[in-house]
>>> print(open('run16.pdb').read())   # PDB, C-alpha atoms, pLDDT in the B column
ATOM      1  CA  PRO Q   1     118.298  84.738 112.933  1.00 38.00           C
ATOM      2  CA  LYS Q   2     115.191  86.536 111.722  1.00 41.00           C
ATOM      3  CA  ALA Q   3     115.072  90.097 112.970  1.00 38.00           C
ATOM      4  CA  LYS Q   4     112.133  91.340 114.975  1.00 40.00           C
ATOM      5  CA  PRO Q   5     109.587  93.371 113.000  1.00 42.00           C
ATOM      6  CA  LEU Q   6     109.829  96.306 115.420  1.00 41.00           C
ATOM      7  CA  TYR Q   7     112.973  98.071 116.592  1.00 40.00           C
ATOM      8  CA  PHE Q   8     113.288 100.522 119.440  1.00 34.00           C
ATOM      9  CA  SER Q   9     116.381 102.288 120.688  1.00 33.00           C
ATOM     10  CA  ASN Q  10     114.821 103.068 124.063  1.00 33.00           C
ATOM     11  CA  THR Q  11     114.370 100.499 126.812  1.00 31.00           C
ATOM     12  CA  ARG Q  12     110.907 101.617 127.880  1.00 28.00           C
ATOM     13  CA  ALA Q  13     109.478 100.006 124.763  1.00 35.00           C
ATOM     14  CA  ASP Q  14     111.043  96.581 125.385  1.00 38.00           C
ATOM     15  CA  ALA Q  15     107.808  95.040 126.626  1.00 33.00           C
ATOM     16  CA  LEU Q  16     105.863  96.255 123.605  1.00 33.00           C
ATOM     17  CA  ASN Q  17     108.671  95.123 121.334  1.00 37.00           C
ATOM     18  CA  LYS Q  18     108.263  91.569 122.610  1.00 37.00           C
ATOM     19  CA  THR Q  19     104.479  91.790 122.342  1.00 33.00           C
ATOM     20  CA  CYS Q  20     104.632  92.883 118.718  1.00 36.00           C
ATOM     21  CA  ALA Q  21     107.450  90.614 117.543  1.00 37.00           C
ATOM     22  CA  ALA Q  22     105.142  87.851 116.275  1.00 35.00           C
ATOM     23  CA  ARG Q  23     103.696  88.020 112.762  1.00 34.00           C
ATOM     24  CA  PRO Q  24     100.631  90.271 112.941  1.00 39.00           C
ATOM     25  CA  ALA Q  25      97.135  88.910 112.568  1.00 38.00           C
ATOM     26  CA  LEU Q  26      94.704  90.862 110.420  1.00 37.00           C
ATOM     27  CA  SER Q  27      92.718  93.498 112.269  1.00 37.00           C
ATOM     28  CA  ARG Q  28      88.966  93.230 111.798  1.00 38.00           C
ATOM     29  CA  ARG Q  29      86.096  95.660 111.834  1.00 36.00           C
ATOM     30  CA  LYS Q  30      83.711  95.246 114.747  1.00 36.00           C
ATOM     31  CA  GLY Q  31      80.812  97.550 115.488  1.00 36.00           C
ATOM     32  CA  GLY Q  32      82.247 100.250 113.239  1.00 33.00           C
ATOM     33  CA  ARG Q  33      85.609 100.285 115.047  1.00 29.00           C
ATOM     34  CA  VAL Q  34      88.929  98.793 114.109  1.00 28.00           C
ATOM     35  CA  VAL Q  35      89.943  96.182 116.649  1.00 29.00           C
ATOM     36  CA  SER Q  36      93.517  94.958 116.722  1.00 32.00           C
ATOM     37  CA  PRO Q  37      94.100  91.458 118.078  1.00 34.00           C
ATOM     38  CA  ARG Q  38      97.388  92.737 119.487  1.00 39.00           C
ATOM     39  CA  ARG Q  39      96.822  95.544 121.954  1.00 36.00           C
ATOM     40  CA  GLY Q  40     100.527  96.381 122.191  1.00 40.00           C
ATOM     41  CA  LEU Q  41     100.838  97.229 118.507  1.00 44.00           C
ATOM     42  CA  LYS Q  42      97.612  99.249 118.553  1.00 41.00           C
ATOM     43  CA  GLN Q  43      98.803 101.294 121.515  1.00 43.00           C
ATOM     44  CA  ILE Q  44     102.202 101.980 120.057  1.00 47.00           C
ATOM     45  CA  THR Q  45     100.818 103.089 116.702  1.00 46.00           C
ATOM     46  CA  LEU Q  46      98.428 105.574 118.256  1.00 44.00           C
ATOM     47  CA  ASN Q  47     101.095 106.980 120.544  1.00 48.00           C
ATOM     48  CA  ALA Q  48     103.791 107.092 117.887  1.00 49.00           C
ATOM     49  CA  LEU Q  49     101.966 108.643 114.948  1.00 54.00           C
ATOM     50  CA  GLY Q  50      99.150 110.589 116.510  1.00 50.00           C
ATOM     51  CA  ASP Q  51      97.469 112.628 113.795  1.00 51.00           C
ATOM     52  CA  MET Q  52     100.344 111.887 111.390  1.00 54.00           C
ATOM     53  CA  THR Q  53     100.694 115.501 110.274  1.00 56.00           C
ATOM     54  CA  GLU Q  54     104.460 115.312 109.716  1.00 71.00           C
ATOM     55  CA  SER Q  55     106.161 113.435 106.901  1.00 83.00           C
ATOM     56  CA  ILE Q  56     107.585 110.020 107.778  1.00 91.00           C
ATOM     57  CA  ASP Q  57     110.442 108.167 106.110  1.00 94.00           C
ATOM     58  CA  VAL Q  58     109.963 104.901 104.233  1.00 96.00           C
ATOM     59  CA  TYR Q  59     112.871 102.820 102.943  1.00 96.00           C
ATOM     60  CA  VAL Q  60     112.163 100.680  99.879  1.00 97.00           C
ATOM     61  CA  LYS Q  61     114.056  98.730  97.251  1.00 97.00           C
ATOM     62  CA  GLY Q  62     115.557 101.035  94.674  1.00 96.00           C
ATOM     63  CA  HIS Q  63     118.655 102.375  92.991  1.00 91.00           C
ATOM     64  CA  ALA Q  64     121.144 105.106  93.789  1.00 78.00           C
ATOM     65  CA  SER Q  65     119.741 107.043  90.838  1.00 84.00           C
ATOM     66  CA  GLY Q  66     116.501 107.462  92.789  1.00 86.00           C
ATOM     67  CA  ASN Q  67     114.440 104.937  90.845  1.00 92.00           C
ATOM     68  CA  LEU Q  68     112.035 102.592  92.596  1.00 94.00           C
ATOM     69  CA  GLY Q  69     112.991  98.909  92.397  1.00 95.00           C
ATOM     70  CA  ASP Q  70     110.826  95.906  91.620  1.00 93.00           C
ATOM     71  CA  CYS Q  71     109.696  94.760  95.072  1.00 96.00           C
ATOM     72  CA  PRO Q  72     105.984  93.984  95.554  1.00 95.00           C
ATOM     73  CA  PHE Q  73     106.313  94.303  99.333  1.00 96.00           C
ATOM     74  CA  SER Q  74     107.768  97.804  99.023  1.00 97.00           C
ATOM     75  CA  HIS Q  75     105.089  98.726  96.494  1.00 97.00           C
ATOM     76  CA  ARG Q  76     102.365  97.471  98.848  1.00 97.00           C
ATOM     77  CA  VAL Q  77     103.518  99.794 101.634  1.00 97.00           C
ATOM     78  CA  LEU Q  78     103.779 102.768  99.259  1.00 97.00           C
ATOM     79  CA  LEU Q  79     100.234 102.109  98.032  1.00 97.00           C
ATOM     80  CA  MET Q  80      99.030 101.898 101.640  1.00 97.00           C
ATOM     81  CA  LEU Q  81     100.635 105.257 102.433  1.00 97.00           C
ATOM     82  CA  GLU Q  82      99.032 106.813  99.352  1.00 96.00           C
ATOM     83  CA  GLU Q  83      95.563 105.454 100.145  1.00 96.00           C
ATOM     84  CA  LYS Q  84      95.833 106.571 103.770  1.00 95.00           C
ATOM     85  CA  LYS Q  85      96.992 110.003 102.543  1.00 94.00           C
ATOM     86  CA  VAL Q  86     100.030 109.913 104.814  1.00 93.00           C
ATOM     87  CA  SER Q  87     102.798 112.368 104.002  1.00 93.00           C
ATOM     88  CA  TYR Q  88     106.018 110.436 103.473  1.00 94.00           C
ATOM     89  CA  LYS Q  89     109.501 110.676 102.002  1.00 94.00           C
ATOM     90  CA  PRO Q  90     110.786 107.619 100.090  1.00 95.00           C
ATOM     91  CA  HIS Q  91     114.400 106.493 100.362  1.00 95.00           C
ATOM     92  CA  TYR Q  92     115.751 103.959  97.891  1.00 96.00           C
ATOM     93  CA  ILE Q  93     117.996 101.154  99.162  1.00 96.00           C
ATOM     94  CA  ASP Q  94     120.209  99.218  96.757  1.00 96.00           C
ATOM     95  CA  LEU Q  95     119.947  95.681  98.141  1.00 95.00           C
ATOM     96  CA  LYS Q  96     123.260  94.775  96.513  1.00 93.00           C
ATOM     97  CA  ALA Q  97     125.041  97.588  98.358  1.00 94.00           C
ATOM     98  CA  LYS Q  98     123.195  98.211 101.608  1.00 94.00           C
ATOM     99  CA  PRO Q  99     124.565 101.203 103.546  1.00 94.00           C
ATOM    100  CA  ASP Q 100     126.162 100.443 106.914  1.00 95.00           C
ATOM    101  CA  TRP Q 101     123.925 102.952 108.693  1.00 92.00           C
ATOM    102  CA  PHE Q 102     120.852 101.151 107.308  1.00 92.00           C
ATOM    103  CA  LEU Q 103     122.074  97.772 108.578  1.00 92.00           C
ATOM    104  CA  ALA Q 104     122.795  99.332 111.970  1.00 90.00           C
ATOM    105  CA  LYS Q 105     119.177 100.451 112.252  1.00 88.00           C
ATOM    106  CA  ASN Q 106     117.713  97.400 110.516  1.00 89.00           C
ATOM    107  CA  PRO Q 107     119.987  94.372 111.088  1.00 89.00           C
ATOM    108  CA  SER Q 108     117.916  92.106 108.822  1.00 90.00           C
ATOM    109  CA  GLY Q 109     118.667  94.406 105.890  1.00 92.00           C
ATOM    110  CA  THR Q 110     115.204  93.833 104.459  1.00 94.00           C
ATOM    111  CA  VAL Q 111     112.843  96.354 102.922  1.00 96.00           C
ATOM    112  CA  PRO Q 112     110.384  97.957 103.285  1.00 96.00           C
ATOM    113  CA  VAL Q 113     111.126  99.727 106.554  1.00 95.00           C
ATOM    114  CA  LEU Q 114     109.166 102.594 108.082  1.00 93.00           C
ATOM    115  CA  ASN Q 115     110.946 105.148 110.260  1.00 90.00           C
ATOM    116  CA  VAL Q 116     108.396 107.004 112.356  1.00 84.00           C
ATOM    117  CA  ASP Q 117     110.929 108.909 114.427  1.00 76.00           C
ATOM    118  CA  GLU Q 118     114.479 108.466 115.707  1.00 73.00           C
ATOM    119  CA  ASP Q 119     113.441 105.690 118.094  1.00 74.00           C
ATOM    120  CA  ILE Q 120     110.977 103.675 116.042  1.00 83.00           C
ATOM    121  CA  TRP Q 121     111.853 101.588 112.978  1.00 88.00           C
ATOM    122  CA  ILE Q 122     109.305  99.090 111.675  1.00 91.00           C
ATOM    123  CA  SER Q 123     110.043  96.346 109.153  1.00 91.00           C
ATOM    124  CA  ASP Q 124     107.904  93.684 107.442  1.00 92.00           C
ATOM    125  CA  SER Q 125     105.146  94.845 105.098  1.00 95.00           C
ATOM    126  CA  ASP Q 126     102.416  93.071 107.108  1.00 93.00           C
ATOM    127  CA  THR Q 127     103.495  94.808 110.302  1.00 93.00           C
ATOM    128  CA  ILE Q 128     103.821  98.196 108.622  1.00 94.00           C
ATOM    129  CA  CYS Q 129     100.366  97.968 107.035  1.00 95.00           C
ATOM    130  CA  GLU Q 130      98.733  97.015 110.332  1.00 93.00           C
ATOM    131  CA  PHE Q 131     100.636  99.863 111.964  1.00 92.00           C
ATOM    132  CA  LEU Q 132      99.232 102.325 109.423  1.00 94.00           C
ATOM    133  CA  GLU Q 133      95.703 100.902 109.604  1.00 94.00           C
ATOM    134  CA  ASN Q 134      95.581 101.360 113.354  1.00 91.00           C
ATOM    135  CA  SER Q 135      97.122 104.828 113.210  1.00 88.00           C
ATOM    136  CA  ARG Q 136      95.097 106.328 110.384  1.00 90.00           C
ATOM    137  CA  ARG Q 137      91.600 104.889 110.702  1.00 87.00           C
ATOM    138  CA  GLU Q 138      90.169 106.560 107.609  1.00 91.00           C
ATOM    139  CA  PRO Q 139      89.808 105.425 104.989  1.00 94.00           C
ATOM    140  CA  CYS Q 140      89.415 102.003 106.539  1.00 95.00           C
ATOM    141  CA  LEU Q 141      91.037  99.379 104.304  1.00 96.00           C
ATOM    142  CA  ILE Q 142      90.062  96.313 106.335  1.00 95.00           C
ATOM    143  CA  PRO Q 143      87.882  93.916 104.293  1.00 95.00           C
ATOM    144  CA  GLU Q 144      84.226  93.751 105.275  1.00 94.00           C
ATOM    145  CA  ASN Q 145      84.087  90.046 104.419  1.00 93.00           C
ATOM    146  CA  ASP Q 146      86.257  87.525 106.249  1.00 92.00           C
ATOM    147  CA  SER Q 147      86.502  85.371 103.117  1.00 92.00           C
ATOM    148  CA  THR Q 148      88.316  88.192 101.303  1.00 95.00           C
ATOM    149  CA  CYS Q 149      91.226  88.018 103.727  1.00 93.00           C
ATOM    150  CA  THR Q 150      92.490  84.693 102.374  1.00 92.00           C
ATOM    151  CA  LEU Q 151      92.205  85.532  98.667  1.00 94.00           C
ATOM    152  CA  GLY Q 152      95.470  85.288  96.781  1.00 92.00           C
ATOM    153  CA  GLN Q 153      97.518  84.131  99.753  1.00 92.00           C
ATOM    154  CA  SER Q 154      99.119  81.338  97.741  1.00 94.00           C
ATOM    155  CA  PHE Q 155      99.352  83.180  94.422  1.00 94.00           C
ATOM    156  CA  PHE Q 156     102.845  84.617  94.819  1.00 93.00           C
ATOM    157  CA  GLY Q 157     104.271  81.347  96.128  1.00 94.00           C
ATOM    158  CA  SER Q 158     102.741  79.380  93.264  1.00 96.00           C
ATOM    159  CA  PHE Q 159     104.009  81.936  90.772  1.00 94.00           C
ATOM    160  CA  ALA Q 160     107.552  81.882  92.178  1.00 94.00           C
ATOM    161  CA  LYS Q 161     107.730  78.091  92.200  1.00 96.00           C
ATOM    162  CA  TYR Q 162     106.548  77.896  88.593  1.00 96.00           C
ATOM    163  CA  VAL Q 163     108.889  80.507  87.086  1.00 95.00           C
ATOM    164  CA  LYS Q 164     111.919  79.268  89.060  1.00 96.00           C
ATOM    165  CA  ASN Q 165     111.303  75.603  88.360  1.00 97.00           C
ATOM    166  CA  LYS Q 166     113.995  73.781  86.374  1.00 95.00           C
ATOM    167  CA  SER Q 167     112.533  70.296  86.565  1.00 96.00           C
ATOM    168  CA  LYS Q 168     110.448  69.034  83.653  1.00 94.00           C
ATOM    169  CA  LEU Q 169     108.860  66.502  85.986  1.00 96.00           C
ATOM    170  CA  ASP Q 170     107.372  69.293  88.130  1.00 97.00           C
ATOM    171  CA  GLU Q 171     106.425  71.603  85.244  1.00 96.00           C
ATOM    172  CA  LYS Q 172     102.875  70.340  84.729  1.00 96.00           C
ATOM    173  CA  HIS Q 173     101.997  70.181  88.414  1.00 97.00           C
ATOM    174  CA  LEU Q 174     103.312  73.658  89.181  1.00 97.00           C
ATOM    175  CA  LYS Q 175     101.605  75.143  86.136  1.00 97.00           C
ATOM    176  CA  HIS Q 176      98.245  73.702  87.203  1.00 97.00           C
ATOM    177  CA  ALA Q 177      98.748  75.022  90.741  1.00 96.00           C
ATOM    178  CA  LEU Q 178      99.331  78.538  89.399  1.00 96.00           C
ATOM    179  CA  GLU Q 179      96.372  78.288  87.022  1.00 97.00           C
ATOM    180  CA  ASP Q 180      94.150  77.231  89.934  1.00 96.00           C
ATOM    181  CA  GLU Q 181      95.187  80.333  91.868  1.00 95.00           C
ATOM    182  CA  ILE Q 182      94.414  82.589  88.898  1.00 94.00           C
ATOM    183  CA  LYS Q 183      91.031  80.932  88.342  1.00 96.00           C
ATOM    184  CA  MET Q 184      90.164  81.438  92.008  1.00 94.00           C
ATOM    185  CA  LEU Q 185      90.950  85.149  91.735  1.00 94.00           C
ATOM    186  CA  ASP Q 186      88.922  85.446  88.521  1.00 94.00           C
ATOM    187  CA  GLU Q 187      85.983  83.799  90.254  1.00 95.00           C
ATOM    188  CA  ALA Q 188      86.318  86.085  93.291  1.00 94.00           C
ATOM    189  CA  LEU Q 189      86.271  89.177  91.063  1.00 94.00           C
ATOM    190  CA  LYS Q 190      83.104  88.252  89.149  1.00 95.00           C
ATOM    191  CA  GLY Q 191      80.634  91.115  89.389  1.00 93.00           C
ATOM    192  CA  LYS Q 192      83.001  93.182  91.535  1.00 94.00           C
ATOM    193  CA  VAL Q 193      85.240  96.173  91.057  1.00 94.00           C
ATOM    194  CA  PHE Q 194      87.622  95.037  93.801  1.00 96.00           C
ATOM    195  CA  LEU Q 195      88.126  91.779  95.701  1.00 95.00           C
ATOM    196  CA  ASP Q 196      85.918  92.812  98.625  1.00 95.00           C
ATOM    197  CA  GLY Q 197      83.266  94.579  96.560  1.00 94.00           C
ATOM    198  CA  PRO Q 198      82.933  98.204  95.425  1.00 94.00           C
ATOM    199  CA  LYS Q 199      85.664  99.569  97.707  1.00 94.00           C
ATOM    200  CA  LEU Q 200      89.407  99.071  97.638  1.00 96.00           C
ATOM    201  CA  CYS Q 201      90.792  97.100 100.595  1.00 97.00           C
ATOM    202  CA  SER Q 202      94.154  96.026 101.999  1.00 96.00           C
ATOM    203  CA  VAL Q 203      93.977  92.670 100.180  1.00 96.00           C
ATOM    204  CA  ASP Q 204      93.873  94.485  96.821  1.00 96.00           C
ATOM    205  CA  LEU Q 205      96.900  96.542  97.846  1.00 97.00           C
ATOM    206  CA  GLY Q 206      98.814  93.405  98.784  1.00 95.00           C
ATOM    207  CA  LEU Q 207      97.903  91.370  95.722  1.00 95.00           C
ATOM    208  CA  TYR Q 208      98.136  93.940  92.913  1.00 94.00           C
ATOM    209  CA  PRO Q 209     101.925  94.520  93.219  1.00 94.00           C
ATOM    210  CA  LYS Q 210     102.506  90.751  93.212  1.00 92.00           C
ATOM    211  CA  ILE Q 211     100.478  90.273  90.030  1.00 90.00           C
ATOM    212  CA  ARG Q 212     102.238  93.221  88.391  1.00 89.00           C
ATOM    213  CA  HIS Q 213     105.602  91.783  89.484  1.00 87.00           C
TER     214      HIS Q 213
END
>>> encode(input="run16.pdb", output="structure tokens")
Amino acid sequence: PKAKPLYFSNTRADALNKTCAARPALSRRKGGRVVSPRRGLKQITLNALGDMTESIDVYVKGHASGNLGDCPFSHRVLLMLEEKKVSYKPHYIDLKAKPDWFLAKNPSGTVPVLNVDEDIWISDSDTICEFLENSRREPCLIPENDSTCTLGQSFFGSFAKYVKNKSKLDEKHLKHALEDEIKMLDEALKGKVFLDGPKLCSVDLGLYPKIRH
């Protein structure tokens, strides 16, 4: 079974754990404030991180040697932490030899995972990024334009299907699907520095590691 995105070792957070278990919707800017569609997640981020003056731990794909692995979802979270200027300590998890203690804290065994304190472990890159956005409001990385939010959503899927395809019958169709995604991104970037305009946003941070991958 798919593990919940949020883990708590204390029972008082059970209600919020259930509230936040669904895949997070994108927060939007309204009247200069960041409004989260899920009040439970917003409350828990503000209570858990506060001013975020202490370093937090982030677990990403990597190697025992200390080298970062090729995982666009891990890279997205690291970029988010950098842009938010959050002090963090990276820990590299070899996905072919996951430590028992890591699986005990994170039964799904997936990365990235954010460990805010002893009681709070957060998995899923979407959930982590919303967590950080609601906890560190500046700089705000929420797109100003609603249309930006959907850009590149199908790029990674189209890319994966094309490169993994072994059927000659599907080759042409999958190639065209990927080319259409690339053309759409090219069109969206015309006259812009970033996807949403002159400023970097969360969509850039999510898409760039996938393109680089």
>>> resolve_selection(input="run16.pdb", expression="the PyMOL selection byres ((chain Q and resi 177-189) around 10)", output="compact mmCIF listing (two decimals) with C-alpha atoms, keeping the file's coordinate frame")
# COMPACT_ATOMS: atom_id res chain seq x y z
CA SER Q 147 86.50 85.37 103.12
CA THR Q 148 88.32 88.19 101.30
CA LEU Q 151 92.20 85.53 98.67
CA GLY Q 152 95.47 85.29 96.78
CA GLN Q 153 97.52 84.13 99.75
CA SER Q 154 99.12 81.34 97.74
CA PHE Q 155 99.35 83.18 94.42
CA PHE Q 156 102.84 84.62 94.82
CA GLY Q 157 104.27 81.35 96.13
CA SER Q 158 102.74 79.38 93.26
CA PHE Q 159 104.01 81.94 90.77
CA ALA Q 160 107.55 81.88 92.18
CA LYS Q 161 107.73 78.09 92.20
CA TYR Q 162 106.55 77.90 88.59
CA LYS Q 172 102.88 70.34 84.73
CA HIS Q 173 102.00 70.18 88.41
CA LEU Q 174 103.31 73.66 89.18
CA LYS Q 175 101.60 75.14 86.14
CA HIS Q 176 98.24 73.70 87.20
CA LYS Q 190 83.10 88.25 89.15
CA GLY Q 191 80.63 91.12 89.39
CA LYS Q 192 83.00 93.18 91.54
CA VAL Q 193 85.24 96.17 91.06
CA PHE Q 194 87.62 95.04 93.80
CA LEU Q 195 88.13 91.78 95.70
CA ASP Q 196 85.92 92.81 98.62
CA GLY Q 197 83.27 94.58 96.56
CA ILE Q 211 100.48 90.27 90.03
>>> resolve_selection(input="run16.pdb", expression="the PyMOL selection byres ((chain Q and resi 144) around 10)", output="list of chain:residue names")
Q:Arg28, Q:Arg29, Q:Lys30, Q:Cys140, Q:Leu141, Q:Ile142, Q:Pro143, Q:Asn145, Q:Asp146, Q:Ser147, Q:Thr148, Q:Cys149, Q:Asp196, Q:Gly197, Q:Lys199, Q:Cys201
>>> closest_residue(input="run16.pdb", among="Q:Val60, Q:Val113, Q:Leu78, Q:Leu205", to="Q:Leu95", atoms="only C-alpha atoms")
Q:Val60
>>> resolve_selection(input="run16.pdb", expression="the PyMOL selection byres ((chain Q and resi 124) around 8)", output="ChimeraX atom specification")
/Q:5,110-113,122-123,125-128
>>> residues_near_point(input="run16.pdb", point="(118.0, 98.4, 108.5)", cutoff="12 Å", atoms="all atoms listed in the file", output="number ranges by chain")
Q: 3-7, 58-61, 93-95, 98-115, 120-124
>>> atom_distance(input="run16.pdb", atom1="atom CA of Q:Lys164", atom2="atom CA of Q:Tyr208")
20.5 Å
>>> atom_distance(input="run16.pdb", atom1="atom CA of Q:Pro209", atom2="atom CA of Q:Lys166")
25.0 Å
